[in-house]
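Asks: The structure file start-v3.pdb (PDB, N, CA and C atoms and all ligand atoms) is provided below.
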```pdb
MODEL        1
ATOM      1  N   MET P   1     121.543 126.398  72.481
ATOM      2  CA  MET P   1     121.053 127.403  71.519
ATOM      3  C   MET P   1     120.367 126.729  70.340
ATOM      4  N   ALA P   2     120.718 127.137  69.177
ATOM      5  CA  ALA P   2     120.080 126.582  67.983
ATOM      6  C   ALA P   2     120.473 125.128  67.795
ATOM      7  N   LYS P   3     119.479 124.315  67.563
ATOM      8  CA  LYS P   3     119.762 122.898  67.394
ATOM      9  C   LYS P   3     120.126 122.609  65.944
ATOM     10  N   GLN P   4     119.115 122.608  65.110
ATOM     11  CA  GLN P   4     119.406 122.363  63.705
ATOM     12  C   GLN P   4     118.712 123.435  62.868
ATOM     13  N   GLN P   5     119.476 124.428  62.515
ATOM     14  CA  GLN P   5     118.918 125.462  61.672
ATOM     15  C   GLN P   5     118.769 124.936  60.257
ATOM     16  N   LEU P   6     117.641 125.257  59.679
ATOM     17  CA  LEU P   6     117.447 124.860  58.290
ATOM     18  C   LEU P   6     118.508 125.501  57.414
ATOM     19  N   CYS P   7     118.880 126.728  57.759
ATOM     20  CA  CYS P   7     119.845 127.464  56.965
ATOM     21  C   CYS P   7     121.159 126.709  56.836
ATOM     22  N   LYS P   8     121.479 125.978  57.880
ATOM     23  CA  LYS P   8     122.770 125.300  57.873
ATOM     24  C   LYS P   8     122.610 123.800  57.716
ATOM     25  N   ASN P   9     121.446 123.407  57.382
ATOM     26  CA  ASN P   9     121.174 121.973  57.336
ATOM     27  C   ASN P   9     120.537 121.596  56.008
ATOM     28  N   LYS P  10     121.163 122.026  54.953
ATOM     29  CA  LYS P  10     120.615 121.764  53.620
ATOM     30  C   LYS P  10     120.560 120.280  53.310
ATOM     31  N   LYS P  11     121.406 119.527  53.932
ATOM     32  CA  LYS P  11     121.421 118.106  53.624
ATOM     33  C   LYS P  11     120.130 117.416  54.039
ATOM     34  N   LEU P  12     119.395 118.068  54.927
ATOM     35  CA  LEU P  12     118.099 117.517  55.299
ATOM     36  C   LEU P  12     117.198 117.375  54.073
ATOM     37  N   LEU P  13     117.399 118.267  53.122
ATOM     38  CA  LEU P  13     116.632 118.187  51.874
ATOM     39  C   LEU P  13     116.867 116.863  51.165
ATOM     40  N   LYS P  14     118.088 116.401  51.244
ATOM     41  CA  LYS P  14     118.432 115.158  50.558
ATOM     42  C   LYS P  14     118.062 113.939  51.383
ATOM     43  N   THR P  15     118.220 114.087  52.690
ATOM     44  CA  THR P  15     118.069 112.908  53.535
ATOM     45  C   THR P  15     116.653 112.730  54.050
ATOM     46  N   ASP P  16     115.989 113.820  54.363
ATOM     47  CA  ASP P  16     114.672 113.681  54.961
ATOM     48  C   ASP P  16     113.774 114.853  54.567
ATOM     49  N   MET P  17     113.279 114.782  53.359
ATOM     50  CA  MET P  17     112.425 115.844  52.847
ATOM     51  C   MET P  17     111.168 116.015  53.691
ATOM     52  N   ALA P  18     110.634 114.914  54.195
ATOM     53  CA  ALA P  18     109.417 115.010  54.998
ATOM     54  C   ALA P  18     109.657 115.839  56.251
ATOM     55  N   ALA P  19     110.821 115.646  56.869
ATOM     56  CA  ALA P  19     111.155 116.414  58.061
ATOM     57  C   ALA P  19     111.333 117.884  57.708
ATOM     58  N   TYR P  20     111.945 118.130  56.572
ATOM     59  CA  TYR P  20     112.152 119.516  56.131
ATOM     60  C   TYR P  20     110.811 120.212  55.921
ATOM     61  N   ILE P  21     109.923 119.512  55.249
ATOM     62  CA  ILE P  21     108.611 120.089  54.970
ATOM     63  C   ILE P  21     107.861 120.380  56.260
ATOM     64  N   ALA P  22     108.026 119.522  57.243
ATOM     65  CA  ALA P  22     107.378 119.753  58.536
ATOM     66  C   ALA P  22     107.835 121.072  59.152
ATOM     67  N   HIS P  23     109.053 121.490  58.842
ATOM     68  CA  HIS P  23     109.569 122.745  59.384
ATOM     69  C   HIS P  23     109.122 123.959  58.583
ATOM     70  N   VAL P  24     108.871 123.773  57.307
ATOM     71  CA  VAL P  24     108.600 124.936  56.458
ATOM     72  C   VAL P  24     107.128 125.143  56.131
ATOM     73  N   GLU P  25     106.276 124.174  56.463
ATOM     74  CA  GLU P  25     104.873 124.406  56.130
ATOM     75  C   GLU P  25     104.251 125.369  57.136
ATOM     76  N   LYS P  26     103.307 126.134  56.654
ATOM     77  CA  LYS P  26     102.709 127.224  57.440
ATOM     78  C   LYS P  26     103.792 128.056  58.122
ATOM     79  N   PRO P  27     104.655 128.649  57.345
ATOM     80  CA  PRO P  27     105.785 129.357  57.941
ATOM     81  C   PRO P  27     105.367 130.624  58.670
ATOM     82  N   LYS P  28     106.018 130.895  59.766
ATOM     83  CA  LYS P  28     105.779 132.122  60.530
ATOM     84  C   LYS P  28     106.988 133.039  60.480
ATOM     85  N   PHE P  29     108.104 132.491  60.065
ATOM     86  CA  PHE P  29     109.334 133.268  60.059
ATOM     87  C   PHE P  29     110.042 133.146  58.720
ATOM     88  N   VAL P  30     110.722 134.224  58.355
ATOM     89  CA  VAL P  30     111.527 134.203  57.146
ATOM     90  C   VAL P  30     112.948 134.601  57.539
ATOM     91  N   CYS P  31     113.915 134.000  56.914
ATOM     92  CA  CYS P  31     115.297 134.309  57.236
ATOM     93  C   CYS P  31     115.751 135.530  56.443
ATOM     94  N   ALA P  32     116.190 136.548  57.156
ATOM     95  CA  ALA P  32     116.624 137.778  56.502
ATOM     96  C   ALA P  32     117.942 137.577  55.785
ATOM     97  N   SER P  33     118.633 136.532  56.100
ATOM     98  CA  SER P  33     119.934 136.302  55.502
ATOM     99  C   SER P  33     119.839 135.450  54.243
ATOM    100  N   CYS P  34     119.088 134.372  54.294
ATOM    101  CA  CYS P  34     119.066 133.484  53.128
ATOM    102  C   CYS P  34     117.674 133.268  52.544
ATOM    103  N   GLY P  35     116.661 133.824  53.128
ATOM    104  CA  GLY P  35     115.346 133.790  52.501
ATOM    105  C   GLY P  35     114.559 132.526  52.737
ATOM    106  N   ARG P  36     115.047 131.666  53.566
ATOM    107  CA  ARG P  36     114.272 130.475  53.895
ATOM    108  C   ARG P  36     113.102 130.849  54.785
ATOM    109  N   VAL P  37     112.157 129.944  54.837
ATOM    110  CA  VAL P  37     111.040 130.148  55.750
ATOM    111  C   VAL P  37     110.942 128.943  56.679
ATOM    112  N   ALA P  38     110.344 129.185  57.840
ATOM    113  CA  ALA P  38     110.172 128.109  58.805
ATOM    114  C   ALA P  38     109.058 128.483  59.764
ATOM    115  N   ASN P  39     108.551 127.489  60.441
ATOM    116  CA  ASN P  39     107.493 127.784  61.403
ATOM    117  C   ASN P  39     108.022 127.941  62.828
ATOM    118  N   ARG P  40     109.327 127.789  62.990
ATOM    119  CA  ARG P  40     109.935 128.088  64.286
ATOM    120  C   ARG P  40     111.156 128.952  64.056
ATOM    121  N   LYS P  41     111.306 129.977  64.896
ATOM    122  CA  LYS P  41     112.381 130.913  64.599
ATOM    123  C   LYS P  41     113.758 130.333  64.868
ATOM    124  N   GLY P  42     113.825 129.331  65.723
ATOM    125  CA  GLY P  42     115.107 128.706  66.008
ATOM    126  C   GLY P  42     115.708 127.985  64.814
ATOM    127  N   LEU P  43     114.902 127.817  63.766
ATOM    128  CA  LEU P  43     115.373 127.084  62.600
ATOM    129  C   LEU P  43     116.116 127.970  61.611
ATOM    130  N   LEU P  44     116.047 129.280  61.827
ATOM    131  CA  LEU P  44     116.642 130.207  60.869
ATOM    132  C   LEU P  44     117.798 130.970  61.511
ATOM    133  N   CYS P  45     118.728 131.413  60.690
ATOM    134  CA  CYS P  45     119.873 132.122  61.252
ATOM    135  C   CYS P  45     119.563 133.591  61.533
ATOM    136  N   GLU P  46     118.675 134.188  60.718
ATOM    137  CA  GLU P  46     118.244 135.565  61.000
ATOM    138  C   GLU P  46     116.733 135.660  60.863
ATOM    139  N   PRO P  47     116.026 135.100  61.803
ATOM    140  CA  PRO P  47     114.566 135.018  61.670
ATOM    141  C   PRO P  47     113.878 136.366  61.812
ATOM    142  N   LEU P  48     112.926 136.597  60.935
ATOM    143  CA  LEU P  48     112.044 137.752  61.047
ATOM    144  C   LEU P  48     110.622 137.229  60.987
ATOM    145  N   LYS P  49     109.765 137.809  61.809
ATOM    146  CA  LYS P  49     108.399 137.349  61.832
ATOM    147  C   LYS P  49     107.680 137.791  60.565
ATOM    148  N   ILE P  50     107.095 136.854  59.885
ATOM    149  CA  ILE P  50     106.437 137.159  58.613
ATOM    150  C   ILE P  50     105.259 138.098  58.810
ATOM    151  N   THR P  51     104.528 137.920  59.885
ATOM    152  CA  THR P  51     103.331 138.742  60.099
ATOM    153  C   THR P  51     103.676 140.223  60.189
ATOM    154  N   ARG P  52     104.883 140.525  60.598
ATOM    155  CA  ARG P  52     105.323 141.920  60.640
ATOM    156  C   ARG P  52     105.222 142.594  59.284
ATOM    157  N   PHE P  53     105.441 141.821  58.264
ATOM    158  CA  PHE P  53     105.513 142.390  56.925
ATOM    159  C   PHE P  53     104.222 142.254  56.158
ATOM    160  N   LYS P  54     103.323 141.455  56.672
ATOM    161  CA  LYS P  54     102.095 141.190  55.936
ATOM    162  C   LYS P  54     101.105 142.337  56.030
ATOM    163  N   GLN P  55     101.113 143.056  57.137
ATOM    164  CA  GLN P  55     100.030 143.993  57.382
ATOM    165  C   GLN P  55      99.957 145.128  56.361
ATOM    166  N   ASN P  56     101.090 145.563  55.856
ATOM    167  CA  ASN P  56     101.072 146.685  54.915
ATOM    168  C   ASN P  56     101.100 146.254  53.456
ATOM    169  N   ARG P  57     100.958 144.967  53.248
ATOM    170  CA  ARG P  57     101.026 144.462  51.882
ATOM    171  C   ARG P  57      99.676 144.533  51.197
ATOM    172  N   CYS P  58      99.746 144.730  49.889
ATOM    173  CA  CYS P  58      98.545 144.643  49.098
ATOM    174  C   CYS P  58      98.124 143.168  49.035
ATOM    175  N   PRO P  59      96.906 142.869  49.447
ATOM    176  CA  PRO P  59      96.501 141.472  49.526
ATOM    177  C   PRO P  59      96.390 140.787  48.163
ATOM    178  N   GLY P  60      96.250 141.578  47.124
ATOM    179  CA  GLY P  60      96.122 140.973  45.809
ATOM    180  C   GLY P  60      97.440 140.484  45.240
ATOM    181  N   LYS P  61      98.507 140.997  45.838
ATOM    182  CA  LYS P  61      99.815 140.646  45.293
ATOM    183  C   LYS P  61     100.379 139.447  46.043
ATOM    184  N   ALA P  62     100.403 138.325  45.381
ATOM    185  CA  ALA P  62     100.890 137.127  46.032
ATOM    186  C   ALA P  62     102.398 137.052  45.948
ATOM    187  N   THR P  63     103.040 137.090  47.081
ATOM    188  CA  THR P  63     104.490 136.976  47.069
ATOM    189  C   THR P  63     104.887 135.626  47.653
ATOM    190  N   ARG P  64     105.151 134.739  46.765
ATOM    191  CA  ARG P  64     105.617 133.424  47.193
ATOM    192  C   ARG P  64     107.105 133.478  47.430
ATOM    193  N   ASN P  65     107.569 132.503  48.113
ATOM    194  CA  ASN P  65     108.979 132.483  48.471
ATOM    195  C   ASN P  65     109.844 132.032  47.288
ATOM    196  N   GLY P  66     109.889 132.885  46.270
ATOM    197  CA  GLY P  66     110.696 132.539  45.114
ATOM    198  C   GLY P  66     112.110 133.067  45.272
ATOM    199  N   PHE P  67     113.046 132.243  44.999
ATOM    200  CA  PHE P  67     114.430 132.690  45.134
ATOM    201  C   PHE P  67     114.872 133.428  43.889
TER
HETATM  202 ZN    ZN S 101     119.276 131.807  57.189
ENDMDL
END
```
Take the structure I supplied and represent it as structure tokens, if you would.
Ligand SMILES: [Zn+2]
Replies:
Amino acid sequence: MAKQQLCKNKKLLKTDMAAYIAHVEKPKFVCASCGRVANRKGLLCEPLKITRFKQNRCPGKATRNGF
């Protein structure tokens, strides 16, 4: 199943930021549980496809992944 979910692998931030960034750049999925983003859904505990939510958004409103 899930190998290394970002949600449960916070230590990657400390140990290998480059690897973490490789997972989160150009994200396609957002975690409905903790708000992380990733480009593969296996990396999140409750992945939702970001494109699902983009279509009805006002394009002028930039919503960055701010916690
Ligand atoms: Zn999560």
Asks: Within 6 Å of ligand ZN 101 (chain S), which residues show up when you count only C-alpha atoms and all ligand atoms? List them as a VMD selection string, please.
Replies: chain P and resid 7 31 33 to 34 44 to 46
Asks: To one decimal in Å, tell me the separation between atom N of Lys11 of chain P and atom CA of Arg40 of chain P.
Replies: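 Result for atom N of Lys11 of chain P versus atom CA of Arg40 of chain P: 17.7 Å, one decimal.
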Asks: Suppose a student applies the PyMOL selection byres (((chain P and resi 5) around 7) and not hetatm) to this structure; what residues should they get, written as a ChimeraX atom specification?
Replies: /P:2-4,6-10,42-45
Asks: What's the separation between atom CA of Phe29 of chain P and atom CA of Thr15 of chain P, in Å to one decimal place?
Replies: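 Spanning atom CA of Phe29 of chain P to atom CA of Thr15 of chain P is a straight-line distance of 23.1 Å.
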Asks: Interatomic distance between atom CA of Arg52 of chain P and atom CA of Glu25 of chain P?
Replies: 18.1 Å
Asks: Which residue out of P:Ala18, P:Val30, P:Gly35, P:Leu13 has the minimum interatomic distance to Leu48 of chain P when all atoms listed in the file are used?
Replies: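 Among the listed residues, P:Val30 lies closest to Leu48 of chain P.
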Asks: Find the spatial neighbours of Thr51 of chain P, counting only N, CA and C atoms, within a cut-off of 8 Å - ignore same-chain residues fewer than 2 positions away - and output them as number ranges by chain.
Replies: P: 27-30, 48-49, 53-56
Asks: Can you list, as a PyMOL selection string, every residue of segment 2-48 of chain P that DSSP puts in helix (DSSP H, G or I)?
Replies: chain P and resi 6-8+11-15+17-24+41-43
Asks: Taking 4 positions as the minimum chain separation for residues in the same chain, which residues sit within 8 Å of Lys26 of chain P when counting all atoms listed in the file? Answer as a list of chain:residue names.
Replies: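 So the residues in contact are P:Ile21, P:Ala22, P:Val37, P:Ala38, P:Asn39, P:Arg40.
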